[in-house]
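S.K.: This is the structure I have questions about; it appears just below.
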Amino acid sequence: MTTGVILETRDILLYLGEKRILDNLSLEFWPGHVHAVVGPNGAGKSTLADTIMGLSGYTKFEGDILFEGKSLKGLPIDERARKGITLAWQEPARYEGLTVESFINAGAKEKSREASSRALDLVGLNPDEYLERAVDRTLSGGERKRIELASILTMEPKLVMMDEPDSGIDVEALEKIFDAIQFLKKKGTTVLLITHSATVLEKADHAFLICCGQLVKKGPVDKIMQYFGEKCIPCDHKNEPDPEQINE
Ligand SMILES: Nc1ncnc2c1ncn2[C@@H]1O[C@H](COP(=O)(O)OP(=O)(O)OP(=O)(O)O)[C@@H](O)[C@H]1O
Ligand SMILES: [Mg+2]
């Protein structure tokens, strides 16, 4: 295992249909850090997370993904989850008929009403109001997103990928999500924030900027934020990765 690296993508080359979506993408994530992957719409951010998680349709690629020094290639999603890898979706799923409590308990390390309640409190949802609710269309998108995060908190994972944690979330709830990120960091969890929002990017320790499935730049958040603001907004997709410039 490479010292001080929990997750590494090595030259990932992934096509969806005819289109090259991830283009020799090599990234290293350090344990216990909050990393961000930032980039414009269509850059390949969600695809990267789906590929790391091993979702069906994202398992055929060149290159490798190493978690704690071991290749994840060929491992199904549930085995990756057992290794401690989780993904909070850009648009969380609905589970008709399942209560919030059962949903949280399904993956929780400590399966108790107290543990589920603590997690709901952390994401700013009142357990008395939500534990018995169904994880279906009666919950708003923002509520589902926070319930999904509460569930992840109780799993005590090693790596949490959060795909656009701010999408559909109001300002007050977003503060709760940021609190949850700090909570995870204190527990030593590695967090990967996928975003194109400066507010979310600010919460990271280190960032990767990707465009057209390629790494454009990596380094401290302020440098990446400045570069992203100056060169990528508006995005004209003319930023080609410059190997001399990648390390900041
Ligand atoms: N099954 C598919 N076939 C062909 N192209 C696809 C497929 N799925 C995704 N894509 C394309 O891959 C590119 C990357 O998509 P992805 O969802 O990873 O982007 P993203 O960086 O997460 O963008 P956003 O900020 O909008 O969420 C997009 O151009 C998308 O249209
Ligand atoms: Mg996306």
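Letters A, B, ... mark the chains of the structure tokens in the order given; residue numbers begin at 1 per chain; ligand numbers begin at 1, in order shown.
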Can I get the residues of chain A within 9 Å of ligand 1, each with the closest pair of atoms and their distance in Å to one decimal, using only C-alpha atoms and all ligand atoms, sorted chain first then ascending number, as CSV?

M.R.:
```
residue,atom,partner,partner_atom_place_in_ligand_line,distance
A:Tyr15,CA,ligand 1,4 (C),7.8
A:Leu16,CA,ligand 1,3 (N),4.4
A:Gly17,CA,ligand 1,3 (N),5.0
A:Glu18,CA,ligand 1,4 (C),7.0
A:Lys19,CA,ligand 1,4 (C),5.8
A:Arg20,CA,ligand 1,12 (O),7.9
A:Ile21,CA,ligand 1,12 (O),5.3
A:Leu22,CA,ligand 1,14 (C),8.1
A:Val38,CA,ligand 1,21 (O),8.0
A:Gly39,CA,ligand 1,21 (O),6.2
A:Pro40,CA,ligand 1,25 (O),5.5
A:Asn41,CA,ligand 1,25 (O),3.4
A:Gly42,CA,ligand 1,19 (O),3.4
A:Ala43,CA,ligand 1,21 (O),3.8
A:Gly44,CA,ligand 1,18 (O),3.2
A:Lys45,CA,ligand 1,21 (O),3.7
A:Ser46,CA,ligand 1,22 (O),3.7
A:Thr47,CA,ligand 1,18 (O),3.7
A:Leu48,CA,ligand 1,18 (O),6.5
A:Ala49,CA,ligand 1,18 (O),8.1
A:Asp50,CA,ligand 1,18 (O),8.3
A:Gly57,CA,ligand 1,1 (N),7.8
A:Gln90,CA,ligand 1,27 (O),7.4
A:Asp163,CA,ligand 1,22 (O),7.8
A:Glu164,CA,ligand 1,27 (O),7.5
A:Ile194,CA,ligand 1,22 (O),7.9
A:Thr195,CA,ligand 1,25 (O),7.0
A:His196,CA,ligand 1,25 (O),6.5
A:Ile210,CA,ligand 1,21 (O),8.2
A:Cys211,CA,ligand 1,21 (O),7.9
A:Cys212,CA,ligand 1,14 (C),7.6
A:Gly213,CA,ligand 1,14 (C),7.4
```

S.K.: I'd like the neighbourhood of Glu68 of chain A as a ChimeraX atom specification, where a residue qualifies if any of its atoms comes within 12 Å (using only C-alpha atoms), though same-chain residues fewer than 3 positions away should be ignored.

M.R.: /A:1-9,28-31,65,71-72,80,83-85,158-159,190

S.K.: Go ahead and write the selection's residues with N, CA and C atoms as a JSON list (two decimals), in the first residue's frame.

M.R.:
```json
[["chain", "number", "residue", "atom", "x", "y", "z"],
["A", 1, "MET", "N", 0.84, -1.20, 0.00],
["A", 1, "MET", "CA", 0.00, 0.00, 0.00],
["A", 1, "MET", "C", 0.88, 1.25, 0.00],
["A", 2, "THR", "N", 0.49, 2.24, -0.82],
["A", 2, "THR", "CA", 1.23, 3.50, -0.82],
["A", 2, "THR", "C", 1.00, 4.16, 0.53],
["A", 3, "THR", "N", 2.07, 4.61, 1.18],
["A", 3, "THR", "CA", 1.93, 5.17, 2.52],
["A", 3, "THR", "C", 1.04, 6.40, 2.49],
["A", 4, "GLY", "N", 0.12, 6.45, 3.46],
["A", 4, "GLY", "CA", -0.70, 7.65, 3.60],
["A", 4, "GLY", "C", -1.75, 7.84, 2.54],
["A", 5, "VAL", "N", -2.07, 6.78, 1.81],
["A", 5, "VAL", "CA", -3.12, 6.90, 0.79],
["A", 5, "VAL", "C", -4.18, 5.83, 1.07],
["A", 6, "ILE", "N", -5.42, 6.26, 1.21],
["A", 6, "ILE", "CA", -6.48, 5.27, 1.47],
["A", 6, "ILE", "C", -7.11, 4.80, 0.16],
["A", 7, "LEU", "N", -7.22, 5.73, -0.78],
["A", 7, "LEU", "CA", -7.86, 5.41, -2.06],
["A", 7, "LEU", "C", -7.05, 6.01, -3.18],
["A", 8, "GLU", "N", -6.89, 5.23, -4.21],
["A", 8, "GLU", "CA", -6.10, 5.71, -5.34],
["A", 8, "GLU", "C", -6.77, 5.26, -6.64],
["A", 9, "THR", "N", -6.97, 6.18, -7.55],
["A", 9, "THR", "CA", -7.40, 5.77, -8.89],
["A", 9, "THR", "C", -6.17, 5.88, -9.78],
["A", 28, "GLU", "N", -5.19, 10.60, -5.78],
["A", 28, "GLU", "CA", -4.85, 9.96, -4.51],
["A", 28, "GLU", "C", -5.59, 10.66, -3.38],
["A", 29, "PHE", "N", -6.19, 9.87, -2.50],
["A", 29, "PHE", "CA", -6.95, 10.44, -1.39],
["A", 29, "PHE", "C", -6.29, 10.01, -0.08],
["A", 30, "TRP", "N", -6.05, 10.97, 0.80],
["A", 30, "TRP", "CA", -5.36, 10.69, 2.06],
["A", 30, "TRP", "C", -6.37, 10.38, 3.15],
["A", 31, "PRO", "N", -6.04, 9.44, 4.04],
["A", 31, "PRO", "CA", -6.99, 9.07, 5.09],
["A", 31, "PRO", "C", -7.30, 10.24, 6.02],
["A", 65, "ILE", "N", -8.37, 0.79, -9.40],
["A", 65, "ILE", "CA", -8.76, 1.56, -8.22],
["A", 65, "ILE", "C", -8.28, 0.76, -7.01],
["A", 71, "SER", "N", -6.74, -3.78, -4.94],
["A", 71, "SER", "CA", -7.58, -3.45, -6.09],
["A", 71, "SER", "C", -9.05, -3.74, -5.80],
["A", 72, "LEU", "N", -9.91, -2.83, -6.24],
["A", 72, "LEU", "CA", -11.36, -3.05, -6.09],
["A", 72, "LEU", "C", -11.94, -3.70, -7.33],
["A", 80, "ARG", "N", -17.66, -3.82, -1.63],
["A", 80, "ARG", "CA", -17.00, -2.52, -1.45],
["A", 80, "ARG", "C", -17.59, -1.84, -0.22],
["A", 83, "LYS", "N", -16.16, -3.14, 2.86],
["A", 83, "LYS", "CA", -14.80, -2.62, 3.11],
["A", 83, "LYS", "C", -14.84, -1.23, 3.73],
["A", 84, "GLY", "N", -16.04, -0.62, 3.74],
["A", 84, "GLY", "CA", -16.18, 0.69, 4.38],
["A", 84, "GLY", "C", -16.32, 1.85, 3.41],
["A", 85, "ILE", "N", -16.72, 1.53, 2.16],
["A", 85, "ILE", "CA", -16.90, 2.58, 1.15],
["A", 85, "ILE", "C", -18.39, 2.88, 1.00],
["A", 158, "LYS", "N", -15.32, 4.01, 6.28],
["A", 158, "LYS", "CA", -13.95, 4.55, 6.18],
["A", 158, "LYS", "C", -13.90, 5.68, 5.16],
["A", 159, "LEU", "N", -14.73, 5.54, 4.13],
["A", 159, "LEU", "CA", -14.74, 6.53, 3.05],
["A", 159, "LEU", "C", -16.19, 6.89, 2.71],
["A", 190, "THR", "N", -12.53, 9.36, 5.81],
["A", 190, "THR", "CA", -12.11, 10.12, 4.64],
["A", 190, "THR", "C", -13.37, 10.55, 3.89]]
```

S.K.: Just list the residues in segment 97-238 of chain A DSSP gives strand (DSSP E) on the backbone, as a PyMOL selection string.

M.R.: chain A and resi 97-99+134-135+159-163+190-195+206-211+214-219

S.K.: Here is a test: counting only C-alpha atoms and all ligand atoms, which residue of A:Gln214, A:Ser56, A:Gln226, A:Ser167 is nearest to ligand 2?

M.R.: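 The closest residue to ligand 2 is A:Ser167.
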
S.K.: Please identify all polymer residues within 12 Å of Ser102 of chain A, counting only C-alpha atoms, omitting same-chain residues fewer than 4 positions from it, and present them as a ChimeraX atom specification.

M.R.: /A:95-98,106-108,111-113,116-117,130-135,147,151

S.K.: Taking C-alpha atoms for each residue, export the selection above as a compact mmCIF listing (two decimals), in the first residue's frame.

M.R.:
```txt
# COMPACT_ATOMS: atom_id res chain seq x y z
CA TYR A 95 -37.63 2.91 -0.67
CA GLU A 96 -41.40 2.49 -0.72
CA GLY A 97 -42.74 0.93 2.45
CA LEU A 98 -39.50 1.14 4.45
CA ALA A 106 -30.22 -1.66 7.75
CA GLY A 107 -26.63 -0.43 7.52
CA ALA A 108 -25.99 0.84 11.05
CA LYS A 111 -28.78 -0.89 15.47
CA SER A 112 -30.79 0.96 18.09
CA ARG A 113 -33.42 3.68 18.23
CA SER A 116 -30.74 6.35 14.68
CA SER A 117 -32.12 9.26 16.70
CA TYR A 130 -39.18 11.24 11.19
CA LEU A 131 -38.34 7.76 12.54
CA GLU A 132 -41.75 6.30 11.65
CA ARG A 133 -42.05 8.06 8.29
CA ALA A 134 -41.62 6.05 5.08
CA VAL A 135 -38.60 6.68 2.84
CA ILE A 147 -31.87 10.85 5.99
CA SER A 151 -27.83 6.47 7.63
```

S.K.: Find the residues near Ala180 of chain A: any atom within 12 Å, counting only C-alpha atoms, skip ones fewer than 3 places away on the same chain, and give them as a PyMOL selection string.

M.R.: chain A and resi 34+118-124+146-154+160+162+165+173-177+183-187+189+191+203

S.K.: So how far away is atom CA of Ala36 of chain A from atom CA of Ala207 of chain A, in Å?

M.R.: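 A separation of 4.5 Å between them.
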
S.K.: Could you please determine the separation between atom CA of Cys235 of chain A and atom CA of Leu87 of chain A in Å, to one decimal place?

M.R.: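 That distance, rounded to one decimal, is 27.2 Å.
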
S.K.: Find, counting only C-alpha atoms and all ligand atoms, the residue in A:Arg137, A:Met155, A:Val100, A:Leu193 that gets nearest to ligand 2.

M.R.: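 Looking at the shortest contact to ligand 2, the residue is A:Leu193.
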
S.K.: Would you mind telling me which residue in A:Tyr58, A:Glu91, A:Leu14, A:Asp23 lies nearest to ligand 2 when using only C-alpha atoms and all ligand atoms?

M.R.: A:Glu91

S.K.: Taking only C-alpha atoms and all ligand atoms into account, which of A:Asp64, A:Phe103, A:Met161, A:Asn126 comes nearest ligand 2?

M.R.: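 Between A:Asp64, A:Phe103, A:Met161, A:Asn126, the residue approaching ligand 2 most closely is A:Met161.
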
S.K.: A:Ala115, A:Lys60, A:Asp166, A:Leu25: which is nearest ligand 2, counting only C-alpha atoms and all ligand atoms?

M.R.: A:Asp166

S.K.: Mind listing the alpha helix (DSSP H) residues of segment 43-200 of chain A, per DSSP on the backbone, as a ChimeraX atom specification?

M.R.: /A:45-53,77-82,100-107,113-122,127-130,141-155,171-186,198-200

S.K.: Would you save the residues from that selection as an mmCIF file, in the first residue's frame, using C-alpha atoms?

M.R.:
```cif
data_model
loop_
_atom_site.group_PDB
_atom_site.id
_atom_site.type_symbol
_atom_site.label_atom_id
_atom_site.label_comp_id
_atom_site.auth_asym_id
_atom_site.auth_seq_id
_atom_site.Cartn_x
_atom_site.Cartn_y
_atom_site.Cartn_z
ATOM 1 C CA LYS A 45 -17.575 13.713 -11.224
ATOM 2 C CA SER A 46 -20.593 11.471 -10.600
ATOM 3 C CA THR A 47 -19.152 8.889 -12.981
ATOM 4 C CA LEU A 48 -15.955 8.815 -10.905
ATOM 5 C CA ALA A 49 -17.942 8.200 -7.693
ATOM 6 C CA ASP A 50 -20.121 5.552 -9.362
ATOM 7 C CA THR A 51 -16.999 3.819 -10.680
ATOM 8 C CA ILE A 52 -15.308 3.822 -7.264
ATOM 9 C CA MET A 53 -18.523 2.434 -5.734
ATOM 10 C CA ILE A 77 -20.887 -3.041 -4.680
ATOM 11 C CA ASP A 78 -21.831 -4.845 -1.438
ATOM 12 C CA GLU A 79 -18.264 -6.052 -0.918
ATOM 13 C CA ARG A 80 -16.995 -2.518 -1.447
ATOM 14 C CA ALA A 81 -19.570 -1.369 1.127
ATOM 15 C CA ARG A 82 -18.308 -4.029 3.559
ATOM 16 C CA VAL A 100 -36.727 5.801 8.212
ATOM 17 C CA GLU A 101 -35.788 3.762 11.284
ATOM 18 C CA SER A 102 -35.533 0.482 9.327
ATOM 19 C CA PHE A 103 -33.658 2.230 6.539
ATOM 20 C CA ILE A 104 -31.071 3.610 8.967
ATOM 21 C CA ASN A 105 -30.852 0.341 10.924
ATOM 22 C CA ALA A 106 -30.218 -1.662 7.749
ATOM 23 C CA GLY A 107 -26.632 -0.432 7.525
ATOM 24 C CA ARG A 113 -33.415 3.678 18.232
ATOM 25 C CA GLU A 114 -30.938 5.820 20.200
ATOM 26 C CA ALA A 115 -28.271 5.547 17.494
ATOM 27 C CA SER A 116 -30.743 6.347 14.681
ATOM 28 C CA SER A 117 -32.117 9.265 16.701
ATOM 29 C CA ARG A 118 -28.635 10.669 17.321
ATOM 30 C CA ALA A 119 -27.859 10.522 13.607
ATOM 31 C CA LEU A 120 -31.132 12.240 12.670
ATOM 32 C CA ASP A 121 -30.421 14.941 15.240
ATOM 33 C CA LEU A 122 -26.996 15.471 13.665
ATOM 34 C CA PRO A 127 -36.374 11.847 15.343
ATOM 35 C CA ASP A 128 -39.882 11.962 16.878
ATOM 36 C CA GLU A 129 -41.157 13.391 13.651
ATOM 37 C CA TYR A 130 -39.185 11.242 11.185
ATOM 38 C CA GLY A 141 -35.718 15.640 -1.756
ATOM 39 C CA GLY A 142 -33.790 17.574 0.906
ATOM 40 C CA GLU A 143 -35.237 15.399 3.684
ATOM 41 C CA ARG A 144 -34.268 12.219 1.834
ATOM 42 C CA LYS A 145 -30.784 13.540 1.301
ATOM 43 C CA ARG A 146 -30.384 14.230 5.017
ATOM 44 C CA ILE A 147 -31.870 10.850 5.988
ATOM 45 C CA GLU A 148 -29.409 9.168 3.662
ATOM 46 C CA LEU A 149 -26.580 11.072 5.327
ATOM 47 C CA ALA A 150 -27.913 10.083 8.787
ATOM 48 C CA SER A 151 -27.829 6.471 7.629
ATOM 49 C CA ILE A 152 -24.225 6.862 6.463
ATOM 50 C CA LEU A 153 -23.211 8.370 9.815
ATOM 51 C CA THR A 154 -24.455 5.256 11.626
ATOM 52 C CA MET A 155 -22.501 2.966 9.249
ATOM 53 C CA VAL A 171 -29.117 27.192 3.738
ATOM 54 C CA GLU A 172 -30.028 26.056 7.254
ATOM 55 C CA ALA A 173 -29.954 22.356 6.365
ATOM 56 C CA LEU A 174 -26.655 22.857 4.541
ATOM 57 C CA GLU A 175 -25.063 23.965 7.828
ATOM 58 C CA LYS A 176 -26.190 20.637 9.329
ATOM 59 C CA ILE A 177 -24.609 18.784 6.423
ATOM 60 C CA PHE A 178 -21.375 20.689 7.005
ATOM 61 C CA ASP A 179 -21.578 19.736 10.718
ATOM 62 C CA ALA A 180 -21.968 16.108 9.659
ATOM 63 C CA ILE A 181 -18.855 16.400 7.448
ATOM 64 C CA GLN A 182 -16.884 17.702 10.448
ATOM 65 C CA PHE A 183 -18.302 14.861 12.569
ATOM 66 C CA LEU A 184 -17.078 12.331 10.002
ATOM 67 C CA LYS A 185 -13.661 13.983 9.836
ATOM 68 C CA LYS A 186 -13.301 13.899 13.634
ATOM 69 C CA ALA A 198 -17.598 27.252 -3.837
ATOM 70 C CA THR A 199 -19.441 27.005 -0.481
ATOM 71 C CA VAL A 200 -18.996 23.228 -0.409
#
```
